[in-house]
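> Sharing a structure below in structure tokens format, with a few things to ask.
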Amino acid sequence: MTAGEKSERVALAAIGTASVILGWLAFGLVNQQIFLGALMLAAMLALIGIATRARLKVWSPLLMWTAAFALVLEGAWLAVGIYPIWVGGFVCVLAAGFTGILAAMFATPREPLALAPHASKRLLRVFLGAGTILAAVLSGVMVTLSITTLPLAVLLQSSTGNVNSFEPVAKTESKVVNGALLTNDLQYGDQFPNSYLDIYIADNNPSVNRPTYVIVHGGGFLFGSKSSGDPNADGSFFAQGTGPVMDAGYNVVAIDYALAPQVPYPAPVKQLGQAIDFLQAHGEGYGLDMDRIVLAGGSAGGHIAAQYANIQTNPAYADQMGIAPTLEQGALKGLVLDSAFLDPFRGSQTQTPQPLRDDLFALASRAYLGTDPDVLAEANVISHVSAGFPPTFISDGNTGTFPDQAADLSGKLNELGVKNILNLYPRSEAVLGHGFMAAASPYTDDYNRQKLAFLADILPQTRH
């Protein structure tokens, strides 16, 4: 092997390795796709250049074709932004990268490891072989998750104990918990799994007429529950968020719903309607006033609650969704959105980004909504609000979450003349993450103070 051929092998190994690493980064850094896509285009051009001039035997056409396919698909994705094209480009970039690595190792049978002549060839062969196999396995996992989120969902749901089931978590009973009368696991429907809800009657006194505060938990559409809240949030939602609401004189209903990807969009929105139907039919027997309802949702639950509110208040949107309103006219008095996911096109684009969380948000959004741009547009809460939207309290953190979406919703409501409060804290004052209001802090206390003042303004706690 000549010095020039050795240099080509080194370059081939380096560019092939770089291509694989760029593919991995593209999978993980979901908000750097344009930059990484440009780098991958350059890497593919470099691989094609080497393949056309180097003597790589059978590897040359294989490398040229895989890199060419990757070049075309990456370019097409950068031009049109369609997710299945991204997947194709991602797979081809990885294939071209591994082809380059293998060609560098085996294109010259007599000297497969000539680029490291002073090392122990046997040990180096084992090291390179094991490393390549591990890299291939990791790449296979990434390719699988880029195509389907089901394996990750099953793992997360199994580890958290949040699964889809037509059976209740516990036998239905009524008991006093922290001074409130809790009736747990009432079945509100049988079309979808997890169709159960809990009712909390403040002060264990169902005879007092109080507004009803209905909570839709978060959890990225993949996990979370009516009793534990949102695993993405740092703390106990019920302790920090629901306790003050009940202390202020509201009864509370917490609902479960089916989890994606086994049960995708828009099943949870339909389930919220079914839960409301059940409560309107049976709530009085439990001490609930269903003529004065406040909906609340955090993260994914915020999206479900807000989309449901759009269906109730925007007839054209209800027709588009094919979901009939279920609430009596005027019963929905207000909406509370905590770190809500509102715009699917920005579902992974958090402010002051946290790459791992952004990646999980991207996977969760894809598990629930898929990747069809028409579906994403339909599920955009902000673009479908109308002048009939209920008064809304909107709050979020400032790190790894969606304050820009919160501000955009508030701005749209202001344009429509809909009463709303936007509760955001600057990062210069405090670093507050996704679902910060579930953890004890002075900012959670201030959040609760502002939220309860808003609710008291729009909805007196007792009838006059």
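FYI, nothing fancy with the structure tokens labels: chains A, B, ... in order, residues from 1 per chain, ligands from 1 as they appear.
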Taking the backbone alone, and naming residues the way the document does, which bits of region 232-449 of chain A are alpha helix (DSSP H) by DSSP, as a PyMOL selection string?
chain A and resi 237+243-247+267-282+300-313+315-321+355-369+373-378+381-384+403-416+442-449
> Each residue of region 25-101 of chain A with at least one atom at most 8 Å from region 353-367 of chain A should appear once, together with its nearest atom pair and the corresponding distance in Å (one decimal); atoms considered: only C-alpha atoms; ordering: chain, then increasing residue number; output as JSON lines.

{"residue": "A:Gly28", "atom": "CA", "partner": "A:Asp359", "partner_atom": "CA", "distance": 5.9}
{"residue": "A:Leu29", "atom": "CA", "partner": "A:Pro355", "partner_atom": "CA", "distance": 6.0}
{"residue": "A:Val30", "atom": "CA", "partner": "A:Asp359", "partner_atom": "CA", "distance": 6.0}
{"residue": "A:Asn31", "atom": "CA", "partner": "A:Asp358", "partner_atom": "CA", "distance": 7.8}
> Name the residues of region 206-386 of chain A that come out as strand (DSSP E or B) in a backbone DSSP run; write them as a PyMOL selection string.
chain A and resi 212-216+225+229+251-255+293-298+332-338+351
> How close does region 40-151 of chain A get to region 10-25 of chain A? List, as JSON lines, each residue of region 40-151 of chain A within 6 Å, its nearest atom pair and the distance in Å to one decimal, counting only C-alpha atoms.

{"residue": "A:Leu94", "atom": "CA", "partner": "A:Val20", "partner_atom": "CA", "distance": 5.1}
{"residue": "A:Gly97", "atom": "CA", "partner": "A:Gly16", "partner_atom": "CA", "distance": 3.9}
{"residue": "A:Gly100", "atom": "CA", "partner": "A:Gly16", "partner_atom": "CA", "distance": 4.7}
{"residue": "A:Ile101", "atom": "CA", "partner": "A:Ala13", "partner_atom": "CA", "distance": 4.7}
{"residue": "A:Ala104", "atom": "CA", "partner": "A:Ala13", "partner_atom": "CA", "distance": 5.5}
> Could you write out the selected residues, including N, CA, C and O atoms, as a CSV table (one decimal), in the first residue's frame?

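Writing the result to result22.csv gives the following:
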chain,number,residue,atom,x,y,z
A,94,LEU,N,-26.0,7.0,8.0
A,94,LEU,CA,-25.4,6.0,8.8
A,94,LEU,C,-24.8,4.9,8.0
A,94,LEU,O,-23.7,4.4,8.2
A,97,GLY,N,-21.6,6.1,6.3
A,97,GLY,CA,-20.6,6.2,7.3
A,97,GLY,C,-20.0,4.8,7.6
A,97,GLY,O,-18.7,4.6,7.6
A,100,GLY,N,-17.9,3.5,4.8
A,100,GLY,CA,-16.6,4.1,4.7
A,100,GLY,C,-15.7,3.5,5.7
A,100,GLY,O,-14.5,3.2,5.4
A,101,ILE,N,-16.2,3.2,7.0
A,101,ILE,CA,-15.3,2.6,8.0
A,101,ILE,C,-14.9,1.2,7.6
A,101,ILE,O,-13.7,0.9,7.7
A,104,ALA,N,-12.3,1.2,4.8
A,104,ALA,CA,-11.0,1.6,5.3
A,104,ALA,C,-10.3,0.4,5.9
A,104,ALA,O,-9.1,0.2,5.9
> Which residues are close to region 340-345 of chain A, i.e. within 7 Å by only C-alpha atoms, leaving aside same-chain residues fewer than 5 positions away? Reply as a ChimeraX atom specification.
/A:298-300,302-303,376,379-382,402,405
> Which polymer residues have any atom within 10 Å of an atom of Ala170 (chain A), counting only C-alpha atoms, with same-chain residues fewer than 4 positions away left out, as a ChimeraX atom specification?
/A:184-186
> For all heavy atoms, I'd like the residues from the last selection saved as a short mmCIF file (atom, residue, chain, number, x, y, z; two decimals), in the first residue's frame.

data_model
loop_
_atom_site.label_atom_id
_atom_site.label_comp_id
_atom_site.auth_asym_id
_atom_site.auth_seq_id
_atom_site.Cartn_x
_atom_site.Cartn_y
_atom_site.Cartn_z
N ASN A 184 -62.35 7.44 44.41
CA ASN A 184 -61.33 7.13 43.41
C ASN A 184 -61.83 6.17 42.34
O ASN A 184 -62.74 5.36 42.56
CB ASN A 184 -60.09 6.53 44.07
CG ASN A 184 -60.38 5.19 44.72
OD1 ASN A 184 -60.93 5.14 45.83
ND2 ASN A 184 -60.01 4.10 44.06
N ASP A 185 -61.22 6.27 41.18
CA ASP A 185 -61.36 5.32 40.08
C ASP A 185 -62.81 5.07 39.67
O ASP A 185 -63.26 3.93 39.55
CB ASP A 185 -60.66 4.00 40.42
CG ASP A 185 -59.15 4.18 40.46
OD1 ASP A 185 -58.54 4.22 39.38
OD2 ASP A 185 -58.60 4.30 41.57
N LEU A 186 -63.51 6.16 39.43
CA LEU A 186 -64.84 6.06 38.84
C LEU A 186 -64.68 5.92 37.33
O LEU A 186 -63.99 6.71 36.69
CB LEU A 186 -65.66 7.31 39.17
CG LEU A 186 -66.09 7.47 40.62
CD1 LEU A 186 -66.57 8.90 40.87
CD2 LEU A 186 -67.20 6.48 40.95
#
> Could you give me, as a ChimeraX atom specification, the residues within 8 Å of Val143 (chain A), counting only C-alpha atoms and dropping anything in the same chain fewer than 5 positions from it?
/A:87,90-91
> Those selected residues, please, written with N, CA, C and O atoms and delivered as a JSON list (two decimals), in the first residue's frame.

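New file result-v7.json:
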[["chain", "number", "residue", "atom", "x", "y", "z"],
["A", 87, "VAL", "N", -35.95, 10.57, 7.88],
["A", 87, "VAL", "CA", -35.60, 9.21, 8.32],
["A", 87, "VAL", "C", -34.77, 8.50, 7.26],
["A", 87, "VAL", "O", -33.76, 7.86, 7.55],
["A", 90, "PHE", "N", -31.32, 9.95, 7.25],
["A", 90, "PHE", "CA", -30.63, 9.51, 8.48],
["A", 90, "PHE", "C", -30.09, 8.10, 8.30],
["A", 90, "PHE", "O", -28.91, 7.81, 8.60],
["A", 91, "VAL", "N", -30.92, 7.20, 7.79],
["A", 91, "VAL", "CA", -30.50, 5.81, 7.58],
["A", 91, "VAL", "C", -29.36, 5.74, 6.56],
["A", 91, "VAL", "O", -28.36, 5.03, 6.77]]
> Using only C-alpha atoms, determine which residues lie at most 7 Å from Ile215 (chain A), disregarding the query and same-chain residues fewer than 6 positions distant; provide the list as a PyMOL selection string.
chain A and resi 253-255+295-297
> Skip Pro244 (chain A) itself and residues of its chain fewer than 6 positions away, then list as a PDB file with N, CA, C and O atoms, in the first residue's frame all residues within 10 Å of it, counting only C-alpha atoms.

ATOM      1  N   PHE A 238     -50.056  17.631  43.117  1.00  0.00           N
ATOM      2  CA  PHE A 238     -51.204  17.749  44.000  1.00  0.00           C
ATOM      3  C   PHE A 238     -50.877  18.543  45.255  1.00  0.00           C
ATOM      4  O   PHE A 238     -51.691  19.325  45.737  1.00  0.00           O
ATOM      5  N   TYR A 250     -62.604  25.057  46.013  1.00  0.00           N
ATOM      6  CA  TYR A 250     -63.005  24.360  44.793  1.00  0.00           C
ATOM      7  C   TYR A 250     -63.000  22.860  45.048  1.00  0.00           C
ATOM      8  O   TYR A 250     -62.154  22.341  45.779  1.00  0.00           O
ATOM      9  N   ASP A 445     -45.347  29.684  45.113  1.00  0.00           N
ATOM     10  CA  ASP A 445     -46.277  30.424  45.972  1.00  0.00           C
ATOM     11  C   ASP A 445     -46.855  31.624  45.229  1.00  0.00           C
ATOM     12  O   ASP A 445     -48.064  31.897  45.309  1.00  0.00           O
ATOM     13  N   ASN A 448     -49.338  30.408  42.606  1.00  0.00           N
ATOM     14  CA  ASN A 448     -50.636  30.069  43.200  1.00  0.00           C
ATOM     15  C   ASN A 448     -51.421  31.317  43.594  1.00  0.00           C
ATOM     16  O   ASN A 448     -52.644  31.375  43.415  1.00  0.00           O
ATOM     17  N   ARG A 449     -50.730  32.304  44.129  1.00  0.00           N
ATOM     18  CA  ARG A 449     -51.416  33.547  44.505  1.00  0.00           C
ATOM     19  C   ARG A 449     -52.056  34.195  43.277  1.00  0.00           C
ATOM     20  O   ARG A 449     -53.235  34.576  43.309  1.00  0.00           O
ATOM     21  N   LYS A 451     -52.777  32.781  40.348  1.00  0.00           N
ATOM     22  CA  LYS A 451     -53.798  31.909  39.770  1.00  0.00           C
ATOM     23  C   LYS A 451     -55.109  32.002  40.546  1.00  0.00           C
ATOM     24  O   LYS A 451     -56.198  32.128  39.952  1.00  0.00           O
ATOM     25  N   LEU A 452     -55.027  31.948  41.875  1.00  0.00           N
ATOM     26  CA  LEU A 452     -56.244  31.997  42.670  1.00  0.00           C
ATOM     27  C   LEU A 452     -56.917  33.366  42.588  1.00  0.00           C
ATOM     28  O   LEU A 452     -58.148  33.461  42.611  1.00  0.00           O
TER      29      LEU A 452
END
> Measure the distance from CA of Asp404 (chain A) to CA of Leu424 (chain A) in Å and round it to one decimal.
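These atoms are spaced 9.9 Å apart.
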> When you count only C-alpha atoms, which of these residues is closest to Trp86 (chain A): A:Met44, A:Val169, A:Ala26, A:Ala38?
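Comparing A:Met44, A:Val169, A:Ala26, A:Ala38 against Trp86 (chain A), the winner is A:Ala26.
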> Which of these, A:Val208, A:Val177, A:Leu150, A:Leu102, has the shortest distance to Gly129 (chain A) once you count only C-alpha atoms?
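Nearest to Gly129 (chain A): A:Leu102.
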> So the first atom is CA of Pro403 (chain A) and the second is CA of Tyr213 (chain A); what is the distance between them in Å, to one decimal place?
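CA of Pro403 (chain A) sits 23.7 Å away from CA of Tyr213 (chain A).
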